[in-house]
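Undergrad: Here you go, query03.csv (CSV, C-alpha atoms):
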chain,number,residue,atom,x,y,z
A,87,MET,CA,-94.1,6.4,18.7
A,88,ARG,CA,-94.6,3.6,21.2
A,89,CYS,CA,-92.9,1.2,18.8
A,90,ILE,CA,-89.8,3.5,18.6
A,91,ILE,CA,-89.6,3.7,22.4
A,92,GLY,CA,-90.0,-0.1,22.5
A,93,MET,CA,-87.1,-0.6,20.1
A,94,LEU,CA,-85.0,1.8,22.2
A,95,SER,CA,-85.6,-0.1,25.4
A,96,LEU,CA,-83.2,-2.9,24.5
A,97,PRO,CA,-80.2,-0.7,23.7
A,98,ILE,CA,-80.9,1.5,26.7
A,99,GLY,CA,-81.0,-1.6,28.9
A,100,ILE,CA,-77.6,-2.7,27.4
A,101,ALA,CA,-76.0,0.7,28.1
A,102,VAL,CA,-77.3,0.7,31.7
A,103,GLY,CA,-76.1,-2.9,32.3
A,104,LEU,CA,-72.7,-2.2,31.0
A,105,SER,CA,-72.1,0.9,33.0
A,106,LEU,CA,-74.1,0.3,36.3
A,107,PRO,CA,-71.6,-2.1,37.9
A,108,ASP,CA,-68.9,0.6,37.8
A,109,ILE,CA,-71.1,3.4,39.0
A,110,ASP,CA,-69.6,2.7,42.5
A,111,HIS,CA,-66.5,4.7,41.2
A,112,GLU,CA,-68.7,7.8,41.2
A,113,LEU,CA,-70.6,7.3,44.5
A,114,ASP,CA,-69.0,8.2,47.8
A,115,PHE,CA,-71.1,5.8,49.8
A,116,LEU,CA,-70.1,2.7,47.8
A,117,VAL,CA,-66.7,1.1,47.5
A,118,HIS,CA,-65.6,-0.3,44.1
A,119,ARG,CA,-66.8,-3.8,43.5
A,120,SER,CA,-69.6,-3.3,45.9
A,121,LEU,CA,-72.0,-6.3,46.4
A,122,VAL,CA,-74.8,-3.8,45.5
A,123,THR,CA,-73.5,-3.0,42.0
A,124,HIS,CA,-71.4,-6.0,41.1
A,125,GLY,CA,-73.9,-8.8,41.1
A,126,CYS,CA,-77.5,-9.7,40.2
A,127,LEU,CA,-79.3,-7.4,42.6
A,128,PHE,CA,-80.2,-4.7,40.1
A,129,PRO,CA,-80.9,-7.1,37.2
A,130,PHE,CA,-83.2,-9.0,39.5
A,131,LEU,CA,-85.0,-5.8,40.4
A,132,ALA,CA,-85.4,-4.9,36.7
A,133,PHE,CA,-86.7,-8.4,36.1
A,134,TRP,CA,-89.2,-8.2,38.9
A,135,VAL,CA,-90.6,-4.9,37.6
A,136,ALA,CA,-90.8,-6.3,34.0
A,137,TYR,CA,-92.4,-9.5,35.2
A,138,LYS,CA,-95.0,-7.7,37.2
A,139,SER,CA,-95.8,-5.0,34.7
A,140,GLU,CA,-96.0,-7.3,31.7
A,141,ASN,CA,-95.0,-4.2,29.6
A,142,PRO,CA,-93.0,-5.1,26.5
A,143,MET,CA,-90.7,-2.0,26.8
A,144,THR,CA,-89.9,-2.9,30.4
A,145,ARG,CA,-89.3,-6.5,29.4
A,146,LEU,CA,-86.9,-5.6,26.6
A,147,PHE,CA,-85.0,-3.1,28.9
A,148,SER,CA,-84.7,-5.8,31.5
A,149,MET,CA,-83.4,-8.4,28.9
A,150,GLY,CA,-80.8,-6.0,27.6
A,151,PHE,CA,-79.8,-4.9,31.2
A,152,SER,CA,-79.5,-8.5,32.4
A,153,VAL,CA,-77.4,-9.8,29.5
A,154,SER,CA,-75.1,-6.8,29.5
A,155,SER,CA,-74.6,-7.1,33.2
A,156,ALA,CA,-73.6,-10.7,32.7
A,157,ALA,CA,-71.1,-9.7,30.1
A,158,HIS,CA,-69.6,-7.0,32.3
A,159,LEU,CA,-69.4,-9.4,35.2
A,160,SER,CA,-67.8,-12.1,33.0
A,161,PHE,CA,-64.8,-9.8,32.5
A,162,ASP,CA,-64.8,-8.9,36.2
A,163,LEU,CA,-64.5,-12.7,37.0
A,164,PHE,CA,-60.9,-12.7,35.7
A,165,PRO,CA,-58.9,-9.8,37.4
A,166,ARG,CA,-55.2,-9.7,37.4
A,167,ALA,CA,-55.2,-11.0,41.0
A,168,TRP,CA,-57.9,-11.7,43.6
A,169,THR,CA,-56.7,-9.0,46.0
A,170,GLY,CA,-57.7,-5.5,47.0
A,171,PHE,CA,-60.3,-3.9,44.7
A,172,ALA,CA,-60.9,-7.2,42.8
A,173,LEU,CA,-62.7,-8.5,45.9
A,174,ILE,CA,-66.4,-7.9,46.5
A,175,HIS,CA,-67.1,-5.4,49.1
A,176,ILE,CA,-70.2,-5.8,51.4
A,177,PRO,CA,-71.3,-2.5,52.8
A,178,LEU,CA,-70.9,-2.2,56.6
A,179,TYR,CA,-68.9,-5.5,56.5
A,180,GLY,CA,-65.9,-5.0,54.2
A,181,ARG,CA,-64.2,-7.1,51.5
A,182,ILE,CA,-64.9,-10.8,51.3
A,183,SER,CA,-62.5,-13.6,50.5
A,184,PRO,CA,-61.4,-14.4,46.9
A,185,LEU,CA,-63.4,-17.6,46.9
A,186,PHE,CA,-66.7,-16.0,47.9
A,187,SER,CA,-66.0,-13.0,45.6
A,188,TRP,CA,-65.5,-15.4,42.7
A,189,LEU,CA,-68.7,-17.4,43.6
A,190,TRP,CA,-70.8,-14.2,43.9
A,191,ILE,CA,-69.7,-13.0,40.5
A,192,ALA,CA,-70.0,-16.4,38.8
A,193,GLY,CA,-73.4,-17.0,40.4
A,194,SER,CA,-74.6,-13.6,39.4
A,195,ILE,CA,-73.6,-14.2,35.8
A,196,ALA,CA,-75.7,-17.3,35.6
A,197,ILE,CA,-78.6,-15.6,37.4
A,198,CYS,CA,-78.5,-12.6,35.1
A,199,LEU,CA,-78.6,-14.9,32.0
A,200,TYR,CA,-81.4,-16.9,33.6
A,201,LEU,CA,-83.4,-13.7,34.2
A,202,ALA,CA,-83.0,-12.7,30.6
A,203,LEU,CA,-83.9,-16.1,29.2
A,204,SER,CA,-87.0,-16.2,31.5
A,205,LEU,CA,-88.3,-13.0,29.9
A,206,THR,CA,-88.1,-14.4,26.3
A,207,ARG,CA,-91.5,-14.9,24.7
A,208,ASN,CA,-90.7,-15.6,21.1
A,209,LEU,CA,-87.9,-16.3,18.7
A,210,LEU,CA,-87.3,-12.5,18.1
A,211,ASP,CA,-86.7,-12.1,21.9
A,212,VAL,CA,-84.1,-15.0,21.7
A,213,VAL,CA,-82.4,-13.3,18.8
A,214,ALA,CA,-82.5,-9.9,20.6
A,215,SER,CA,-81.0,-11.4,23.8
A,216,SER,CA,-78.3,-13.1,21.8
A,217,GLY,CA,-77.5,-10.0,19.8
A,218,SER,CA,-77.5,-7.9,23.0
A,219,LEU,CA,-75.0,-10.4,24.6
A,220,ALA,CA,-72.8,-10.2,21.5
A,221,VAL,CA,-72.8,-6.4,21.5
A,222,SER,CA,-72.1,-6.3,25.2
A,223,LEU,CA,-69.2,-8.7,24.8
A,224,GLY,CA,-67.8,-6.6,22.0
A,225,PHE,CA,-68.0,-3.5,24.1
A,226,CYS,CA,-66.4,-5.2,27.1
A,227,LEU,CA,-63.6,-6.5,24.9
A,228,THR,CA,-62.5,-2.9,24.2
A,229,THR,CA,-62.1,-2.3,27.9
A,230,GLY,CA,-61.0,-5.8,29.1
A,231,ASN,CA,-57.7,-7.5,29.0
A,232,THR,CA,-58.8,-11.0,27.9
A,233,PHE,CA,-61.6,-12.5,25.8
A,234,TRP,CA,-61.6,-16.3,25.9
A,235,LEU,CA,-62.0,-16.7,29.6
A,236,PRO,CA,-65.0,-14.4,29.9
A,237,LEU,CA,-66.5,-16.1,26.8
A,238,VAL,CA,-66.1,-19.6,28.4
A,239,ALA,CA,-67.6,-18.2,31.6
A,240,LEU,CA,-70.6,-17.0,29.7
A,241,VAL,CA,-71.1,-20.3,27.8
A,242,LEU,CA,-70.9,-22.2,31.1
A,243,ALA,CA,-73.3,-19.8,32.8
A,244,THR,CA,-75.7,-20.0,29.9
A,245,ALA,CA,-75.6,-23.8,30.3
A,246,VAL,CA,-76.4,-23.5,34.0
A,247,ALA,CA,-79.2,-20.9,33.3
A,248,LEU,CA,-80.8,-23.3,30.7
A,249,MET,CA,-80.8,-26.1,33.3
A,250,LEU,CA,-82.7,-24.0,35.9
A,251,PRO,CA,-86.5,-24.3,36.0
A,252,ALA,CA,-88.1,-22.1,33.4
A,253,ASP,CA,-91.1,-19.8,33.3
A,254,PRO,CA,-93.5,-21.9,31.2
A,255,ASN,CA,-93.8,-19.0,28.7
A,256,ALA,CA,-90.1,-18.7,28.0
A,257,MET,CA,-89.6,-19.3,24.3
A,258,LEU,CA,-86.0,-20.7,24.4
A,259,LYS,CA,-86.9,-23.4,26.9
A,260,LYS,CA,-90.0,-24.4,24.9
A,261,LEU,CA,-87.9,-24.7,21.7
A,262,LEU,CA,-85.3,-26.9,23.6
A,263,ARG,CA,-88.0,-29.1,25.1
A,264,GLU,CA,-89.7,-29.6,21.7
A,265,LYS,CA,-86.4,-30.5,20.1
A,266,VAL,CA,-85.5,-33.0,22.8
A,267,SER,CA,-88.9,-34.6,22.7
A,268,LYS,CA,-88.8,-35.0,18.9
A,269,ASN,CA,-85.3,-36.5,19.2
A,270,SER,CA,-86.4,-39.0,21.9
A,271,ARG,CA,-89.2,-40.3,19.7
A,272,CYS,CA,-86.7,-41.5,17.0
Just give me the structure as structure tokens.
TA:
Amino acid sequence: MRCIIGMLSLPIGIAVGLSLPDIDHELDFLVHRSLVTHGCLFPFLAFWVAYKSENPMTRLFSMGFSVSSAAHLSFDLFPRAWTGFALIHIPLYGRISPLFSWLWIAGSIAICLYLALSLTRNLLDVVASSGSLAVSLGFCLTTGNTFWLPLVALVLATAVALMLPADPNAMLKKLLREKVSKNSRC
């Protein structure tokens, strides 16, 4: 039973990550594109809980949640125009400029991917994260108006995330370090 729940944690995390940013449509106390929902705050909270609990189910949920949030945000990075509801809204302050809205979303994409990569412990986790990202992109593609720009944003954000300092237990970073050190010996 625990194994089944563990396997369900990843797709549940994906579903939550894809839908949570737009929950502000349903809440009276938040405006659409709220800083609270359209960024890395909730993925960071999920990461922190997973990191502290060391529970595999929580870790898989957080990985799915983080990569699907990054996918959702990558499509939000390219609105028709940076005006009105495309701008990030800070509660009790109001909408911020197009530049800072773009920086917040772009930075949040990189942070979400970094959080997911930091939770990988083995090759299966890397495959699960990559698969989650592909599923999330496919879902977002059905609701988005473009594909290539969000894909490029995700590739660049992944490169940034891979350059950030890693948790020493993160599998993907270990694999990359080993490959680089083997190549440098030649």
Undergrad: Grab the atom CA of Trp234 of chain A to atom CA of Phe128 of chain A distance for me, in Å with one decimal place.
TA: 26.1 Å
Undergrad: Once you count only C-alpha atoms, what closest atom pair and distance in Å to one decimal does each residue of segment 204-240 of chain A within 10 Å of segment 139-155 of chain A have, with rows by chain and rising residue number, as a Markdown table?
TA:
| residue | atom | partner | partner_atom | distance |
| --- | --- | --- | --- | --- |
| A:Ser204 | CA | A:Met149 | CA | 9.0 |
| A:Leu205 | CA | A:Arg145 | CA | 6.6 |
| A:Thr206 | CA | A:Met149 | CA | 8.1 |
| A:Arg207 | CA | A:Arg145 | CA | 9.9 |
| A:Asp211 | CA | A:Leu146 | CA | 8.0 |
| A:Val212 | CA | A:Met149 | CA | 9.8 |
| A:Ala214 | CA | A:Gly150 | CA | 8.2 |
| A:Ser215 | CA | A:Met149 | CA | 6.4 |
| A:Ser216 | CA | A:Val153 | CA | 8.4 |
| A:Gly217 | CA | A:Gly150 | CA | 9.4 |
| A:Ser218 | CA | A:Gly150 | CA | 6.0 |
| A:Leu219 | CA | A:Val153 | CA | 5.5 |
| A:Ala220 | CA | A:Ser154 | CA | 9.0 |
| A:Val221 | CA | A:Ser154 | CA | 8.3 |
| A:Ser222 | CA | A:Ser154 | CA | 5.3 |
| A:Leu223 | CA | A:Ser154 | CA | 7.8 |
| A:Phe225 | CA | A:Ser154 | CA | 9.5 |
| A:Cys226 | CA | A:Ser154 | CA | 9.2 |
| A:Leu240 | CA | A:Val153 | CA | 9.9 |
Undergrad: Could you check the closest approach to Pro251 of chain A for each of A:Ile197, A:Leu121, A:Ala136, A:Leu159 and tell me which residue wins, using all atoms listed in the file?
TA: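 Of the candidates, the smallest distance to Pro251 of chain A is held by A:Ile197.
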Undergrad: Please determine, counting all atoms listed in the file, which residue among A:Phe115, A:Phe233, A:Phe130, A:Phe171 has the shortest atom-to-atom distance to Ser194 of chain A.
TA: A:Phe130
Undergrad: Which one is closest to Pro129 of chain A: A:Gly103, A:Ile109, A:Ile98, A:Val238? Count only C-alpha atoms.
TA: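 The closest residue to Pro129 of chain A is A:Gly103.
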Undergrad: For the atom pair atom CA of Ala196 of chain A and atom CA of Leu250 of chain A, what is the interatomic distance in Å to one decimal place?
TA: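 Value for the atom CA of Ala196 of chain A-atom CA of Leu250 of chain A distance: 9.7 Å.
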Undergrad: Kindly give the distance, in Å, that separates atom CA of Pro177 of chain A and atom CA of Leu131 of chain A, rounded to a single decimal.
TA: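 Going from atom CA of Pro177 of chain A over to atom CA of Leu131 of chain A covers 18.8 Å.
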Undergrad: Taking only C-alpha atoms into account, name the residue in A:Pro236, A:Met249, A:Ala101, A:Val213 that is nearest to Leu163 of chain A.
TA: A:Pro236
Undergrad: From the options A:Trp190, A:His124, A:Ile90, A:Ile182, which residue's atoms come nearest to Leu106 of chain A, counting all atoms listed in the file?
TA: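 Looking only at the distances to Leu106 of chain A, the closest residue turns out to be A:His124.
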Undergrad: Calculated over all atoms listed in the file, which of the candidates A:Leu209, A:Leu227, A:Val246, A:Leu94 has the smallest distance to Ser160 of chain A?
TA: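 Closest candidate: A:Leu227.
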Undergrad: Taking the structure in the block just given, could you write segment 207-242 of chain A with N, CA, C and O atoms, as a PDB file, in the first residue's frame?
TA:
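Writing done, so here's out28.pdb:
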ATOM      1  N   ARG A 207      17.832  11.738  -5.915  1.00  0.00           N
ATOM      2  CA  ARG A 207      18.750  10.895  -5.145  1.00  0.00           C
ATOM      3  C   ARG A 207      19.340   9.762  -5.972  1.00  0.00           C
ATOM      4  O   ARG A 207      20.302   9.139  -5.588  1.00  0.00           O
ATOM      5  N   ASN A 208      18.705   9.455  -7.109  1.00  0.00           N
ATOM      6  CA  ASN A 208      19.193   8.355  -7.936  1.00  0.00           C
ATOM      7  C   ASN A 208      18.742   8.586  -9.372  1.00  0.00           C
ATOM      8  O   ASN A 208      18.031   9.550  -9.668  1.00  0.00           O
ATOM      9  N   LEU A 209      19.158   7.706 -10.251  1.00  0.00           N
ATOM     10  CA  LEU A 209      18.845   7.864 -11.668  1.00  0.00           C
ATOM     11  C   LEU A 209      17.339   7.787 -11.923  1.00  0.00           C
ATOM     12  O   LEU A 209      16.816   8.501 -12.794  1.00  0.00           O
ATOM     13  N   LEU A 210      16.637   6.978 -11.168  1.00  0.00           N
ATOM     14  CA  LEU A 210      15.188   6.887 -11.318  1.00  0.00           C
ATOM     15  C   LEU A 210      14.521   8.233 -11.004  1.00  0.00           C
ATOM     16  O   LEU A 210      13.563   8.631 -11.679  1.00  0.00           O
ATOM     17  N   ASP A 211      15.033   8.945 -10.012  1.00  0.00           N
ATOM     18  CA  ASP A 211      14.512  10.279  -9.693  1.00  0.00           C
ATOM     19  C   ASP A 211      14.733  11.251 -10.848  1.00  0.00           C
ATOM     20  O   ASP A 211      13.870  12.077 -11.153  1.00  0.00           O
ATOM     21  N   VAL A 212      15.894  11.168 -11.479  1.00  0.00           N
ATOM     22  CA  VAL A 212      16.194  12.040 -12.627  1.00  0.00           C
ATOM     23  C   VAL A 212      15.217  11.741 -13.755  1.00  0.00           C
ATOM     24  O   VAL A 212      14.656  12.660 -14.373  1.00  0.00           O
ATOM     25  N   VAL A 213      14.980  10.457 -14.018  1.00  0.00           N
ATOM     26  CA  VAL A 213      14.037  10.059 -15.062  1.00  0.00           C
ATOM     27  C   VAL A 213      12.623  10.520 -14.691  1.00  0.00           C
ATOM     28  O   VAL A 213      11.889  11.043 -15.539  1.00  0.00           O
ATOM     29  N   ALA A 214      12.247  10.357 -13.426  1.00  0.00           N
ATOM     30  CA  ALA A 214      10.917  10.782 -12.978  1.00  0.00           C
ATOM     31  C   ALA A 214      10.739  12.288 -13.122  1.00  0.00           C
ATOM     32  O   ALA A 214       9.684  12.760 -13.571  1.00  0.00           O
ATOM     33  N   SER A 215      11.754  13.055 -12.753  1.00  0.00           N
ATOM     34  CA  SER A 215      11.677  14.513 -12.898  1.00  0.00           C
ATOM     35  C   SER A 215      11.580  14.918 -14.361  1.00  0.00           C
ATOM     36  O   SER A 215      10.779  15.786 -14.730  1.00  0.00           O
ATOM     37  N   SER A 216      12.384  14.290 -15.200  1.00  0.00           N
ATOM     38  CA  SER A 216      12.359  14.604 -16.636  1.00  0.00           C
ATOM     39  C   SER A 216      11.013  14.235 -17.249  1.00  0.00           C
ATOM     40  O   SER A 216      10.448  15.000 -18.035  1.00  0.00           O
ATOM     41  N   GLY A 217      10.508  13.074 -16.879  1.00  0.00           N
ATOM     42  CA  GLY A 217       9.194  12.653 -17.369  1.00  0.00           C
ATOM     43  C   GLY A 217       8.093  13.576 -16.889  1.00  0.00           C
ATOM     44  O   GLY A 217       7.163  13.903 -17.638  1.00  0.00           O
ATOM     45  N   SER A 218       8.192  14.006 -15.639  1.00  0.00           N
ATOM     46  CA  SER A 218       7.205  14.940 -15.086  1.00  0.00           C
ATOM     47  C   SER A 218       7.218  16.250 -15.850  1.00  0.00           C
ATOM     48  O   SER A 218       6.163  16.835 -16.131  1.00  0.00           O
ATOM     49  N   LEU A 219       8.404  16.708 -16.192  1.00  0.00           N
ATOM     50  CA  LEU A 219       8.523  17.949 -16.943  1.00  0.00           C
ATOM     51  C   LEU A 219       7.918  17.788 -18.338  1.00  0.00           C
ATOM     52  O   LEU A 219       7.201  18.674 -18.825  1.00  0.00           O
ATOM     53  N   ALA A 220       8.162  16.653 -18.972  1.00  0.00           N
ATOM     54  CA  ALA A 220       7.602  16.410 -20.308  1.00  0.00           C
ATOM     55  C   ALA A 220       6.073  16.342 -20.255  1.00  0.00           C
ATOM     56  O   ALA A 220       5.390  16.939 -21.103  1.00  0.00           O
ATOM     57  N   VAL A 221       5.523  15.647 -19.269  1.00  0.00           N
ATOM     58  CA  VAL A 221       4.068  15.569 -19.113  1.00  0.00           C
ATOM     59  C   VAL A 221       3.487  16.952 -18.853  1.00  0.00           C
ATOM     60  O   VAL A 221       2.465  17.341 -19.435  1.00  0.00           O
ATOM     61  N   SER A 222       4.151  17.708 -18.003  1.00  0.00           N
ATOM     62  CA  SER A 222       3.684  19.058 -17.677  1.00  0.00           C
ATOM     63  C   SER A 222       3.710  19.961 -18.908  1.00  0.00           C
ATOM     64  O   SER A 222       2.775  20.733 -19.145  1.00  0.00           O
ATOM     65  N   LEU A 223       4.769  19.866 -19.685  1.00  0.00           N
ATOM     66  CA  LEU A 223       4.856  20.652 -20.927  1.00  0.00           C
ATOM     67  C   LEU A 223       3.731  20.269 -21.882  1.00  0.00           C
ATOM     68  O   LEU A 223       3.109  21.144 -22.497  1.00  0.00           O
ATOM     69  N   GLY A 224       3.485  18.988 -21.995  1.00  0.00           N
ATOM     70  CA  GLY A 224       2.400  18.529 -22.867  1.00  0.00           C
ATOM     71  C   GLY A 224       1.054  19.066 -22.423  1.00  0.00           C
ATOM     72  O   GLY A 224       0.253  19.505 -23.244  1.00  0.00           O
ATOM     73  N   PHE A 225       0.814  19.057 -21.130  1.00  0.00           N
ATOM     74  CA  PHE A 225      -0.447  19.591 -20.619  1.00  0.00           C
ATOM     75  C   PHE A 225      -0.543  21.088 -20.876  1.00  0.00           C
ATOM     76  O   PHE A 225      -1.573  21.586 -21.324  1.00  0.00           O
ATOM     77  N   CYS A 226       0.520  21.813 -20.572  1.00  0.00           N
ATOM     78  CA  CYS A 226       0.514  23.269 -20.777  1.00  0.00           C
ATOM     79  C   CYS A 226       0.355  23.623 -22.247  1.00  0.00           C
ATOM     80  O   CYS A 226      -0.239  24.644 -22.581  1.00  0.00           O
ATOM     81  N   LEU A 227       0.869  22.778 -23.119  1.00  0.00           N
ATOM     82  CA  LEU A 227       0.760  23.032 -24.552  1.00  0.00           C
ATOM     83  C   LEU A 227      -0.699  23.053 -24.994  1.00  0.00           C
ATOM     84  O   LEU A 227      -1.070  23.803 -25.888  1.00  0.00           O
ATOM     85  N   THR A 228      -1.541  22.253 -24.345  1.00  0.00           N
ATOM     86  CA  THR A 228      -2.962  22.231 -24.716  1.00  0.00           C
ATOM     87  C   THR A 228      -3.669  23.521 -24.318  1.00  0.00           C
ATOM     88  O   THR A 228      -4.712  23.837 -24.871  1.00  0.00           O
ATOM     89  N   THR A 229      -3.111  24.258 -23.371  1.00  0.00           N
ATOM     90  CA  THR A 229      -3.748  25.496 -22.919  1.00  0.00           C
ATOM     91  C   THR A 229      -2.978  26.744 -23.345  1.00  0.00           C
ATOM     92  O   THR A 229      -3.509  27.836 -23.269  1.00  0.00           O
ATOM     93  N   GLY A 230      -1.739  26.576 -23.788  1.00  0.00           N
ATOM     94  CA  GLY A 230      -0.900  27.723 -24.153  1.00  0.00           C
ATOM     95  C   GLY A 230      -1.023  28.076 -25.623  1.00  0.00           C
ATOM     96  O   GLY A 230      -1.602  27.334 -26.418  1.00  0.00           O
ATOM     97  N   ASN A 231      -0.456  29.206 -25.975  1.00  0.00           N
ATOM     98  CA  ASN A 231      -0.536  29.661 -27.357  1.00  0.00           C
ATOM     99  C   ASN A 231       0.794  29.530 -28.098  1.00  0.00           C
ATOM    100  O   ASN A 231       0.878  29.854 -29.267  1.00  0.00           O
ATOM    101  N   THR A 232       1.822  29.062 -27.445  1.00  0.00           N
ATOM    102  CA  THR A 232       3.128  28.890 -28.077  1.00  0.00           C
ATOM    103  C   THR A 232       3.833  27.720 -27.400  1.00  0.00           C
ATOM    104  O   THR A 232       3.471  27.306 -26.305  1.00  0.00           O
ATOM    105  N   PHE A 233       4.844  27.174 -28.060  1.00  0.00           N
ATOM    106  CA  PHE A 233       5.577  26.046 -27.482  1.00  0.00           C
ATOM    107  C   PHE A 233       7.069  26.319 -27.404  1.00  0.00           C
ATOM    108  O   PHE A 233       7.705  26.020 -26.397  1.00  0.00           O
ATOM    109  N   TRP A 234       7.629  26.877 -28.459  1.00  0.00           N
ATOM    110  CA  TRP A 234       9.084  26.975 -28.547  1.00  0.00           C
ATOM    111  C   TRP A 234       9.678  27.936 -27.531  1.00  0.00           C
ATOM    112  O   TRP A 234      10.710  27.638 -26.938  1.00  0.00           O
ATOM    113  N   LEU A 235       9.058  29.076 -27.320  1.00  0.00           N
ATOM    114  CA  LEU A 235       9.601  30.030 -26.351  1.00  0.00           C
ATOM    115  C   LEU A 235       9.592  29.462 -24.928  1.00  0.00           C
ATOM    116  O   LEU A 235      10.611  29.549 -24.230  1.00  0.00           O
ATOM    117  N   PRO A 236       8.496  28.857 -24.460  1.00  0.00           N
ATOM    118  CA  PRO A 236       8.547  28.235 -23.130  1.00  0.00           C
ATOM    119  C   PRO A 236       9.581  27.104 -23.048  1.00  0.00           C
ATOM    120  O   PRO A 236      10.247  26.950 -22.025  1.00  0.00           O
ATOM    121  N   LEU A 237       9.727  26.347 -24.124  1.00  0.00           N
ATOM    122  CA  LEU A 237      10.727  25.272 -24.131  1.00  0.00           C
ATOM    123  C   LEU A 237      12.136  25.844 -24.005  1.00  0.00           C
ATOM    124  O   LEU A 237      12.949  25.346 -23.218  1.00  0.00           O
ATOM    125  N   VAL A 238      12.420  26.896 -24.750  1.00  0.00           N
ATOM    126  CA  VAL A 238      13.734  27.545 -24.656  1.00  0.00           C
ATOM    127  C   VAL A 238      13.943  28.096 -23.250  1.00  0.00           C
ATOM    128  O   VAL A 238      15.030  27.962 -22.669  1.00  0.00           O
ATOM    129  N   ALA A 239      12.904  28.700 -22.672  1.00  0.00           N
ATOM    130  CA  ALA A 239      13.001  29.228 -21.303  1.00  0.00           C
ATOM    131  C   ALA A 239      13.322  28.111 -20.322  1.00  0.00           C
ATOM    132  O   ALA A 239      14.152  28.283 -19.425  1.00  0.00           O
ATOM    133  N   LEU A 240      12.686  26.960 -20.487  1.00  0.00           N
ATOM    134  CA  LEU A 240      12.962  25.824 -19.590  1.00  0.00           C
ATOM    135  C   LEU A 240      14.378  25.288 -19.763  1.00  0.00           C
ATOM    136  O   LEU A 240      15.035  24.936 -18.781  1.00  0.00           O
ATOM    137  N   VAL A 241      14.852  25.227 -20.983  1.00  0.00           N
ATOM    138  CA  VAL A 241      16.221  24.752 -21.229  1.00  0.00           C
ATOM    139  C   VAL A 241      17.227  25.704 -20.583  1.00  0.00           C
ATOM    140  O   VAL A 241      18.166  25.268 -19.893  1.00  0.00           O
ATOM    141  N   LEU A 242      17.032  27.001 -20.780  1.00  0.00           N
ATOM    142  CA  LEU A 242      17.937  27.985 -20.169  1.00  0.00           C
ATOM    143  C   LEU A 242      17.849  27.959 -18.648  1.00  0.00           C
ATOM    144  O   LEU A 242      18.870  28.043 -17.955  1.00  0.00           O
TER     145      LEU A 242
END
